[in-house]
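File shown: coords.txt. Contents: compact mmCIF, C-alpha atoms.
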# COMPACT_ATOMS: atom_id res chain seq x y z
CA MET A 146 -6.36 -11.73 0.06
CA THR A 147 -3.49 -12.17 -2.40
CA PRO A 148 -2.00 -8.87 -3.56
CA ILE A 149 -1.89 -8.54 -7.32
CA ARG A 150 0.98 -6.09 -7.13
CA ASN A 151 3.12 -4.92 -4.25
CA ALA A 152 2.50 -1.18 -3.88
CA ALA A 153 5.90 -0.62 -2.27
CA SER A 154 7.74 -2.16 -5.22
CA CYS A 155 5.55 -0.25 -7.68
CA LEU A 156 6.39 3.04 -6.02
CA ALA A 157 10.07 2.22 -5.84
CA THR A 158 10.29 2.35 -9.64
CA ALA A 159 7.82 5.21 -10.14
CA LEU A 160 8.39 8.96 -10.20
CA SER A 161 11.38 9.23 -12.51
CA GLY A 162 10.84 12.98 -12.64
CA ALA A 163 8.41 13.05 -15.56
CA THR A 164 5.10 14.80 -15.05
CA ILE A 165 2.24 12.55 -13.90
CA LEU A 166 -0.36 14.62 -15.70
CA GLY A 167 -0.58 12.25 -18.67
CA VAL A 168 -4.27 13.14 -18.80
CA THR A 169 -6.12 12.91 -22.09
CA LEU A 170 -9.21 15.08 -22.29
CA LEU A 171 -11.56 12.70 -24.04
CA ALA A 172 -14.10 13.84 -26.61
CA GLY A 173 -16.47 12.26 -29.08
CA PRO A 174 -13.80 10.54 -31.22
CA ALA A 175 -12.72 8.50 -28.19
CA ALA A 176 -15.71 6.28 -28.80
CA ALA A 177 -14.12 5.08 -32.01
CA GLN A 178 -11.02 3.82 -30.24
CA GLY A 179 -10.80 0.16 -29.36
CA PRO A 180 -11.12 -1.43 -25.93
CA GLU A 181 -7.35 -1.60 -25.52
CA LYS A 182 -7.51 1.47 -23.29
CA VAL A 183 -9.21 1.89 -19.92
CA ARG A 184 -11.02 5.21 -19.69
CA VAL A 185 -11.42 6.78 -16.26
CA GLY A 186 -13.16 9.98 -15.27
CA LEU A 187 -11.93 11.70 -12.11
CA MET A 188 -14.57 13.92 -10.53
CA PHE A 189 -13.43 15.99 -7.56
CA THR A 190 -14.10 19.38 -6.01
CA LEU A 191 -11.18 21.35 -7.43
CA SER A 192 -12.29 24.94 -6.84
CA GLY A 193 -13.36 26.98 -3.83
CA PRO A 194 -12.36 26.61 -0.16
CA SER A 195 -12.61 22.80 -0.26
CA ALA A 196 -10.44 22.33 -3.34
CA VAL A 197 -7.54 20.98 -1.29
CA LEU A 198 -9.58 17.84 -0.58
CA GLY A 199 -10.22 17.18 -4.24
CA GLU A 200 -6.64 17.96 -5.17
CA GLN A 201 -5.42 15.29 -2.77
CA GLY A 202 -7.84 12.79 -4.28
CA ARG A 203 -6.81 13.63 -7.84
CA ASP A 204 -3.12 13.54 -7.00
CA GLY A 205 -3.39 10.27 -5.10
CA PHE A 206 -5.06 8.56 -8.07
CA LEU A 207 -2.56 9.92 -10.57
CA LEU A 208 0.33 8.88 -8.33
CA ALA A 209 -1.01 5.33 -8.42
CA LEU A 210 -1.11 5.50 -12.22
CA ASP A 211 2.55 6.49 -12.16
CA ALA A 212 3.32 3.48 -9.99
CA LEU A 213 1.40 1.23 -12.37
CA GLY A 214 3.21 2.52 -15.43
CA LYS A 215 0.15 4.51 -16.55
CA LYS A 216 -1.68 1.24 -17.08
CA LEU A 217 -4.67 -0.35 -15.40
CA GLY A 218 -4.90 -4.11 -15.54
CA GLY A 219 -2.21 -4.10 -18.20
CA LEU A 220 -4.13 -1.74 -20.50
CA ASP A 221 -3.16 1.84 -21.25
CA ALA A 222 -5.16 4.29 -19.17
CA GLU A 223 -6.80 7.51 -20.39
CA VAL A 224 -8.03 9.91 -17.75
CA VAL A 225 -10.25 12.96 -17.88
CA VAL A 226 -10.39 15.21 -14.80
CA VAL A 227 -13.46 17.32 -14.07
CA ASP A 228 -14.31 19.79 -11.32
CA ASP A 229 -17.74 19.23 -9.80
CA GLU A 230 -17.52 22.73 -8.26
CA LEU A 231 -19.29 21.34 -5.17
CA LYS A 232 -22.55 21.84 -7.07
CA PRO A 233 -24.79 18.75 -7.41
CA ASP A 234 -26.48 19.98 -10.60
CA VAL A 235 -23.14 20.73 -12.25
CA ALA A 236 -21.80 17.35 -11.14
CA ALA A 237 -24.81 15.48 -12.53
CA ASN A 238 -24.35 17.09 -15.96
CA LYS A 239 -20.62 16.38 -16.00
CA ALA A 240 -21.26 12.79 -14.91
CA ARG A 241 -23.57 12.30 -17.88
CA GLU A 242 -20.93 13.74 -20.20
CA LEU A 243 -18.28 11.40 -18.82
CA VAL A 244 -20.46 8.36 -19.45
CA LYS A 245 -22.26 9.32 -22.67
CA ARG A 246 -19.74 11.52 -24.46
CA ASP A 247 -16.38 10.40 -23.11
CA ARG A 248 -17.42 6.74 -22.81
CA VAL A 249 -15.49 6.19 -19.57
CA ASP A 250 -15.47 2.74 -18.04
CA PHE A 251 -15.01 4.01 -14.49
CA VAL A 252 -15.68 7.25 -12.64
CA VAL A 253 -13.69 7.90 -9.47
CA GLY A 254 -15.21 10.51 -7.17
CA PRO A 255 -16.65 12.66 -5.77
CA THR A 256 -15.37 14.37 -2.62
CA PHE A 257 -18.66 15.40 -1.00
CA SER A 258 -21.77 13.39 -0.19
CA ASN A 259 -24.30 15.85 -1.59
CA VAL A 260 -22.50 15.55 -4.92
CA LEU A 261 -22.39 11.77 -4.63
CA ARG A 262 -26.17 11.61 -4.41
CA ALA A 263 -26.38 13.57 -7.66
CA VAL A 264 -23.99 11.39 -9.68
CA VAL A 265 -24.79 7.80 -8.69
CA ARG A 266 -27.66 7.38 -11.15
CA PRO A 267 -25.97 9.09 -14.14
CA VAL A 268 -22.87 6.94 -13.66
CA ALA A 269 -23.80 3.64 -12.03
CA ASP A 270 -27.14 3.35 -13.80
CA GLY A 271 -25.64 4.75 -17.00
CA GLY A 272 -23.36 1.80 -17.66
CA ALA A 273 -20.11 2.75 -15.94
CA PHE A 274 -18.73 1.81 -12.53
CA LEU A 275 -18.60 4.53 -9.89
CA ILE A 276 -15.92 4.26 -7.19
CA SER A 277 -16.13 6.80 -4.40
CA PRO A 278 -12.74 7.53 -2.81
CA ASN A 279 -14.27 9.66 -0.07
CA ALA A 280 -18.04 10.13 0.19
CA GLY A 281 -19.93 7.13 1.56
CA THR A 282 -23.51 7.96 2.46
CA SER A 283 -25.70 5.67 4.56
CA ASN A 284 -28.43 5.23 1.93
CA TYR A 285 -26.11 3.58 -0.61
CA ALA A 286 -24.61 1.41 2.12
CA GLY A 287 -28.08 0.09 2.91
CA ALA A 288 -31.36 -0.21 1.04
CA GLU A 289 -30.21 1.79 -2.00
CA CYS A 290 -26.99 -0.17 -2.56
CA ASN A 291 -26.10 -0.35 -6.25
CA PRO A 292 -24.26 -3.17 -8.07
CA ASN A 293 -22.20 -0.65 -10.05
CA PHE A 294 -21.28 1.55 -7.07
CA PHE A 295 -18.24 0.82 -4.90
CA VAL A 296 -16.50 2.72 -2.11
CA SER A 297 -12.77 2.71 -1.38
CA SER A 298 -13.04 4.90 1.72
CA TYR A 299 -15.65 4.13 4.40
CA GLN A 300 -19.29 4.57 5.26
CA ASN A 301 -19.67 8.17 6.43
CA ASP A 302 -20.72 7.26 9.97
CA GLN A 303 -17.73 5.08 10.75
CA VAL A 304 -14.98 7.65 11.23
CA HIS A 305 -17.28 9.64 13.48
CA GLU A 306 -18.07 6.52 15.47
CA VAL A 307 -14.37 6.40 16.37
CA LEU A 308 -14.70 9.67 18.28
CA GLY A 309 -17.99 8.65 19.82
CA LYS A 310 -16.42 5.45 21.11
CA TYR A 311 -13.41 7.36 22.41
CA ALA A 312 -15.63 9.90 24.19
CA GLN A 313 -17.62 7.07 25.72
CA ASN A 314 -14.46 5.32 26.86
CA LYS A 315 -13.16 8.55 28.41
CA GLY A 316 -16.34 8.96 30.40
CA TYR A 317 -17.32 12.36 28.97
CA LYS A 318 -20.82 13.16 30.24
CA ARG A 319 -21.87 16.22 28.19
CA LEU A 320 -20.82 17.12 24.66
CA VAL A 321 -21.58 19.78 22.07
CA LEU A 322 -21.76 18.54 18.46
CA LEU A 323 -21.12 20.68 15.40
CA ALA A 324 -21.46 19.87 11.67
CA PRO A 325 -22.49 21.46 8.35
CA ASN A 326 -26.09 20.99 7.29
CA TYR A 327 -25.86 18.41 4.48
CA GLN A 328 -26.01 14.62 4.25
CA ALA A 329 -22.46 13.93 5.42
CA GLY A 330 -22.94 16.31 8.35
CA LYS A 331 -26.09 14.50 9.41
CA ASP A 332 -24.35 11.15 8.97
CA SER A 333 -21.42 12.39 11.05
CA LEU A 334 -23.50 13.23 14.11
CA ALA A 335 -25.55 10.04 13.72
CA GLY A 336 -22.31 8.08 13.62
CA PHE A 337 -20.93 9.82 16.69
CA LYS A 338 -24.13 9.18 18.67
CA HIS A 339 -24.12 5.53 17.64
CA SER A 340 -21.09 5.02 19.88
CA TYR A 341 -21.62 7.83 22.41
CA LYS A 342 -24.41 7.39 24.95
CA GLY A 343 -23.88 10.47 27.12
CA GLU A 344 -25.78 13.76 27.03
CA VAL A 345 -25.68 15.99 23.95
CA ALA A 346 -25.90 19.49 25.43
CA ASN A 347 -26.24 21.12 22.01
CA GLU A 348 -26.31 19.90 18.42
CA MET A 349 -25.54 22.63 15.90
CA PHE A 350 -25.80 22.50 12.11
CA THR A 351 -24.22 25.28 10.09
CA PRO A 352 -24.48 26.18 6.38
CA LEU A 353 -22.06 24.24 4.19
CA GLY A 354 -19.08 26.50 3.55
CA GLN A 355 -19.51 28.68 6.67
CA LEU A 356 -16.23 30.25 7.77
CA ASP A 357 -17.21 32.39 10.79
CA PHE A 358 -18.00 30.34 13.90
CA SER A 359 -18.16 33.12 16.48
CA ALA A 360 -21.83 32.45 17.30
CA GLU A 361 -21.28 28.71 17.72
CA LEU A 362 -18.16 29.22 19.83
CA ALA A 363 -20.05 31.57 22.12
CA GLN A 364 -22.62 28.85 22.70
CA ILE A 365 -19.86 26.33 23.44
CA ALA A 366 -18.28 28.71 25.94
CA ALA A 367 -21.63 29.15 27.66
CA ALA A 368 -22.37 25.40 27.77
CA GLN A 369 -18.92 24.38 29.11
CA PRO A 370 -19.23 20.77 27.88
CA ASP A 371 -16.79 18.00 28.75
CA ALA A 372 -15.72 17.97 25.09
CA VAL A 373 -16.67 19.18 21.61
CA PHE A 374 -17.09 16.99 18.55
CA ALA A 375 -16.90 18.67 15.15
CA PHE A 376 -17.08 17.63 11.52
CA MET A 377 -15.90 20.59 9.42
CA PRO A 378 -13.90 19.55 6.35
CA GLY A 379 -11.64 21.78 4.29
CA GLY A 380 -11.57 25.54 4.80
CA MET A 381 -14.37 25.28 7.35
CA GLY A 382 -12.11 23.18 9.56
CA VAL A 383 -9.18 25.54 9.18
CA ASN A 384 -11.20 28.48 10.44
CA LEU A 385 -12.98 26.56 13.18
CA VAL A 386 -9.74 25.32 14.74
CA ARG A 387 -8.08 28.73 14.59
CA GLN A 388 -11.12 30.45 16.07
CA TYR A 389 -11.48 27.75 18.72
CA ARG A 390 -7.96 28.51 19.98
CA GLN A 391 -8.48 32.25 19.70
CA ALA A 392 -11.67 31.97 21.75
CA GLY A 393 -9.70 30.43 24.61
CA LEU A 394 -11.55 27.12 24.45
CA ALA A 395 -8.53 24.82 24.17
CA ASN A 396 -9.14 23.61 27.72
CA ILE A 397 -12.25 21.85 26.36
CA PRO A 398 -11.11 18.69 24.50
CA PHE A 399 -11.61 19.05 20.74
CA LEU A 400 -12.59 15.83 18.95
CA SER A 401 -13.19 15.88 15.23
CA ALA A 402 -13.34 14.01 11.96
CA PHE A 403 -12.05 15.47 8.67
CA THR A 404 -11.43 18.73 10.50
CA VAL A 405 -7.85 18.24 11.68
CA ASP A 406 -6.07 16.25 9.00
CA GLU A 407 -3.40 16.54 6.31
CA SER A 408 -5.63 18.77 4.19
CA THR A 409 -6.08 21.35 6.94
CA LEU A 410 -2.97 21.06 9.11
CA PRO A 411 -0.69 23.10 6.80
CA ALA A 412 -2.96 26.09 7.48
CA GLN A 413 -3.92 25.28 11.09
CA LYS A 414 -0.34 24.57 12.20
CA ASP A 415 0.19 24.79 15.98
CA ALA A 416 -3.45 25.71 16.57
CA ALA A 417 -4.37 22.06 15.94
CA LEU A 418 -1.62 20.36 17.93
CA GLY A 419 -2.98 17.81 20.38
CA PHE A 420 -6.45 17.77 18.83
CA PHE A 421 -7.86 14.32 18.15
CA GLY A 422 -9.42 12.89 15.03
CA GLY A 423 -10.57 9.57 13.65
CA ALA A 424 -9.33 7.82 10.52
CA ASN A 425 -8.86 4.55 8.69
CA TRP A 426 -5.19 5.43 8.08
CA ALA A 427 -2.49 7.91 9.04
CA PRO A 428 0.84 8.82 7.39
CA ASN A 429 2.81 7.07 10.15
CA LEU A 430 1.02 3.73 9.69
CA ASP A 431 3.73 1.10 9.93
CA ASN A 432 3.56 -1.04 6.80
CA PRO A 433 5.86 -1.08 3.72
CA GLN A 434 3.30 -0.04 1.12
CA SER A 435 2.10 2.91 3.19
CA LYS A 436 5.63 4.14 3.89
CA ALA A 437 6.49 3.95 0.19
CA PHE A 438 3.32 5.84 -0.72
CA VAL A 439 3.96 8.65 1.77
CA ALA A 440 7.56 9.04 0.60
CA ALA A 441 6.53 9.14 -3.07
CA TYR A 442 3.69 11.58 -2.45
CA GLU A 443 5.88 13.96 -0.47
CA LYS A 444 8.61 13.78 -3.12
CA LYS A 445 6.17 14.54 -5.92
CA TYR A 446 3.92 17.13 -4.29
CA GLY A 447 5.94 18.48 -1.37
CA SER A 448 3.14 17.92 1.13
CA VAL A 449 1.98 15.20 3.51
CA PRO A 450 -0.80 13.01 2.07
CA GLY A 451 -4.06 12.49 3.92
CA THR A 452 -6.77 9.87 3.67
CA TYR A 453 -8.22 11.63 0.62
CA ALA A 454 -5.06 10.80 -1.34
CA MET A 455 -4.66 7.32 0.15
CA GLN A 456 -8.21 6.25 -0.67
CA ALA A 457 -7.96 7.52 -4.25
CA TYR A 458 -4.69 5.65 -4.65
CA ASP A 459 -6.44 2.49 -3.50
CA ALA A 460 -9.28 3.21 -5.93
CA ALA A 461 -6.77 2.99 -8.77
CA LEU A 462 -5.53 -0.33 -7.40
CA MET A 463 -9.14 -1.58 -7.24
CA ILE A 464 -9.61 -0.80 -10.92
CA ASP A 465 -6.26 -2.35 -11.79
CA ALA A 466 -7.26 -5.56 -10.01
CA ALA A 467 -10.69 -5.68 -11.64
CA VAL A 468 -9.36 -5.19 -15.18
CA LYS A 469 -6.77 -7.88 -14.58
CA ARG A 470 -9.45 -10.30 -13.42
CA ALA A 471 -11.43 -9.56 -16.59
CA LYS A 472 -8.25 -10.10 -18.65
CA GLY A 473 -8.71 -6.69 -20.21
CA ASP A 474 -12.24 -7.35 -21.46
CA LEU A 475 -13.96 -4.11 -20.51
CA LYS A 476 -17.28 -5.34 -21.89
CA ASP A 477 -17.38 -8.15 -19.33
CA LYS A 478 -19.16 -6.10 -16.67
CA ASP A 479 -19.91 -9.11 -14.47
CA THR A 480 -16.24 -10.06 -14.17
CA LEU A 481 -15.19 -6.44 -13.65
CA ARG A 482 -17.79 -6.16 -10.90
CA ALA A 483 -16.56 -9.38 -9.29
CA GLY A 484 -13.01 -8.06 -9.49
CA LEU A 485 -13.91 -4.81 -7.74
CA LYS A 486 -15.63 -6.76 -5.00
CA ALA A 487 -12.75 -9.23 -4.60
CA ALA A 488 -10.29 -6.35 -4.04
CA GLU A 489 -7.26 -8.45 -4.93
CA PHE A 490 -4.65 -5.84 -4.12
CA GLN A 491 -2.58 -4.71 -1.15
CA SER A 492 -4.30 -1.68 0.32
CA LEU A 493 -2.11 1.09 1.69
CA ARG A 494 -4.04 0.78 4.96
CA GLY A 495 -3.39 -2.95 5.42
CA ASN A 496 -6.57 -4.78 6.37
CA PHE A 497 -9.15 -4.13 3.67
CA ARG A 498 -11.97 -6.09 2.08
CA ILE A 499 -15.26 -5.23 0.40
CA GLY A 500 -18.53 -6.11 2.10
CA ASN A 501 -21.80 -7.23 0.57
CA ASN A 502 -22.86 -3.61 0.10
CA HIS A 503 -19.62 -2.73 -1.74
CA TYR A 504 -18.34 -0.67 1.19
CA PRO A 505 -15.01 -1.53 2.88
CA ILE A 506 -14.52 -3.59 6.02
CA GLN A 507 -11.39 -2.26 7.72
CA ASP A 508 -9.67 -0.97 10.87
CA PHE A 509 -10.21 2.49 12.37
CA TYR A 510 -7.94 4.58 14.60
CA LEU A 511 -7.91 7.52 16.96
CA VAL A 512 -5.33 9.93 15.54
CA LYS A 513 -3.68 13.01 16.99
CA ALA A 514 -2.31 16.13 15.30
CA ALA A 515 1.48 16.34 15.64
CA LYS A 516 4.46 18.29 14.35
CA ARG A 517 7.27 16.25 12.83
CA PRO A 518 10.99 16.95 13.38
CA ASP A 519 11.16 18.33 9.81
CA GLY A 520 8.55 20.94 10.71
CA LYS A 521 5.69 19.37 8.74
CA TYR A 522 2.38 18.54 10.37
CA GLU A 523 0.58 15.21 10.22
CA THR A 524 -1.87 13.06 12.10
CA GLN A 525 -0.39 10.13 13.96
CA ILE A 526 -2.06 6.98 15.24
CA ALA A 527 -2.82 7.16 18.96
CA GLU A 528 -4.75 3.88 19.32
CA LYS A 529 -6.85 1.42 17.35
CA ILE A 530 -10.56 1.81 18.13
CA PHE A 531 -12.23 -0.70 15.77
CA SER A 532 -10.85 -3.80 14.03
CA ASP A 533 -12.24 -5.32 10.82
CA TYR A 534 -15.28 -3.08 11.21
CA GLN A 535 -18.29 -3.17 8.88
CA ASP A 536 -20.82 -0.36 8.76
CA ASN A 537 -24.22 -0.62 10.43
CA TYR A 538 -26.23 -0.39 7.21
CA ALA A 539 -24.87 -3.39 5.30
CA ARG A 540 -27.62 -5.68 6.60
CA GLU A 541 -30.18 -3.51 4.79
CA CYS A 542 -28.48 -4.14 1.43
CA LYS A 543 -29.96 -7.06 -0.48
CA MET A 544 -26.89 -7.68 -2.65
CA LYS A 545 -24.94 -10.84 -1.84

Rewritten as structure tokens:
Amino acid sequence: MTPIRNAASCLATALSGATILGVTLLAGPAAAQGPEKVRVGLMFTLSGPSAVLGEQGRDGFLLALDALGKKLGGLDAEVVVVDDELKPDVAANKARELVKRDRVDFVVGPTFSNVLRAVVRPVADGGAFLISPNAGTSNYAGAECNPNFFVSSYQNDQVHEVLGKYAQNKGYKRLVLLAPNYQAGKDSLAGFKHSYKGEVANEMFTPLGQLDFSAELAQIAAAQPDAVFAFMPGGMGVNLVRQYRQAGLANIPFLSAFTVDESTLPAQKDAALGFFGGANWAPNLDNPQSKAFVAAYEKKYGSVPGTYAMQAYDAALMIDAAVKRAKGDLKDKDTLRAGLKAAEFQSLRGNFRIGNNHYPIQDFYLVKAAKRPDGKYETQIAEKIFSDYQDNYARECKMK
């Protein structure tokens, strides 16, 4: 694809020291303003133990706006940020407000899949475009695909498939699987088992938000599997990794997705070193636009960005490309939709295109937790597992 703007050059001129929070909290009078402004609602989990994930998403999107001169497709951008509180009912109400009251053209979010299921209809069926920079459930990748719903991240299964494929390649015979009991957790284990054909000695689902894993770790110690696979994002992952080390289980290989990453490593520190994960990107990915993004993010926020920030940054570039294709005509939904699907921008991850179901087709990697010479922690690419990989549900989507 032809990049509409080089992300590296954009970032080189961004971040002059001014605050990026040029966020306008839209209200009823916004409806009276003309179409010369693009209105975007950012919906992330910004409170509770998982807030760090949403904060990365919010910050990644706003960093992209800085790089784009606070414009999208050449039009001034107005942004309203809302906290879904990780509560589907709260998220659904706020989604309706974004579309009906604030008259946003695009909603970017949410972080979690149970929230995604609550906001698709209010947003995508309410007249706005919904772009998920993280959650990517199987139902919307398949039979329930929606013409106004796009994903800049992945289909939930895919990252977990990376670890399943790795475990299969390593010849692990017996594994214990661990995930929270909600849609993304179910998708995670389904994804892992799609690529792993060995024995599952135990499959454990925990309440979403659980922080004490002593009972589960006791079962792992008793089972003595060849490896453990876990999906525990946010604060859940921080506690699980610490407790895993404390329980003396580090001799059992720890494979995970969204459990050991840039959102959790600052708290996990050495406890996570050497643990493997799966991802569509890592901070040490060797391309110019990614290097520029990492440098700008670290300069602005003082922390290492993870996929949550990267995918939200790309979501901004998707919108920028779509508005450009529509020549700023925000009422031309068909052209905006075609622009989102065409993805005429240079993704931070390199290879990136949108499939028929509006989910990405991209590369996936095995990554490993590491400590940099400057003392910061990050995941680093160990090997590529899948190339130009489309999810397994796209064939069920009837969109062309």

Check your understanding: Rounded to one decimal in Å, what is the spacing between CA of Pro267 in chain A and CA of Ser283 in chain A?
Key -> 19.0 Å

Per-residue nearest contacts range 378-479 of chain A to range 190-212 of chain A, cut-off 6 Å, using only C-alpha atoms, as JSON lines:
{"residue": "A:Gly379", "atom": "CA", "partner": "A:Ser195", "partner_atom": "CA", "distance": 4.8}
{"residue": "A:Gly380", "atom": "CA", "partner": "A:Pro194", "partner_atom": "CA", "distance": 5.1}
{"residue": "A:Tyr453", "atom": "CA", "partner": "A:Gly202", "partner_atom": "CA", "distance": 5.0}
{"residue": "A:Ala454", "atom": "CA", "partner": "A:Gly205", "partner_atom": "CA", "distance": 4.1}
{"residue": "A:Ala457", "atom": "CA", "partner": "A:Phe206", "partner_atom": "CA", "distance": 4.9}
{"residue": "A:Tyr458", "atom": "CA", "partner": "A:Phe206", "partner_atom": "CA", "distance": 4.5}
{"residue": "A:Ala461", "atom": "CA", "partner": "A:Phe206", "partner_atom": "CA", "distance": 5.9}

**Study point:** CA of Ala367 in chain A to CA of Ala395 in chain A, distance in Å rounded to a single decimal
**Key:** 14.2 Å

Review point. Which of these residues is nearest to Gln413 in chain A, using only C-alpha atoms: A:Ala237, A:Val386, A:Val268, A:Val224?
Key: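 Answer, going by the shortest atom-to-atom distance: A:Val386.
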
Point to revise | Pick from A:Met455, A:Leu334, A:Ala329, A:Ala288, whichever lies nearest to Ser258 in chain A using only C-alpha atoms | key: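 Looking at the shortest contact to Ser258 in chain A, the residue is A:Ala329.
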
Review point. Hey, can you check how far CA of Ile276 in chain A sits from CA of Ala460 in chain A?
Key: 6.8 Å
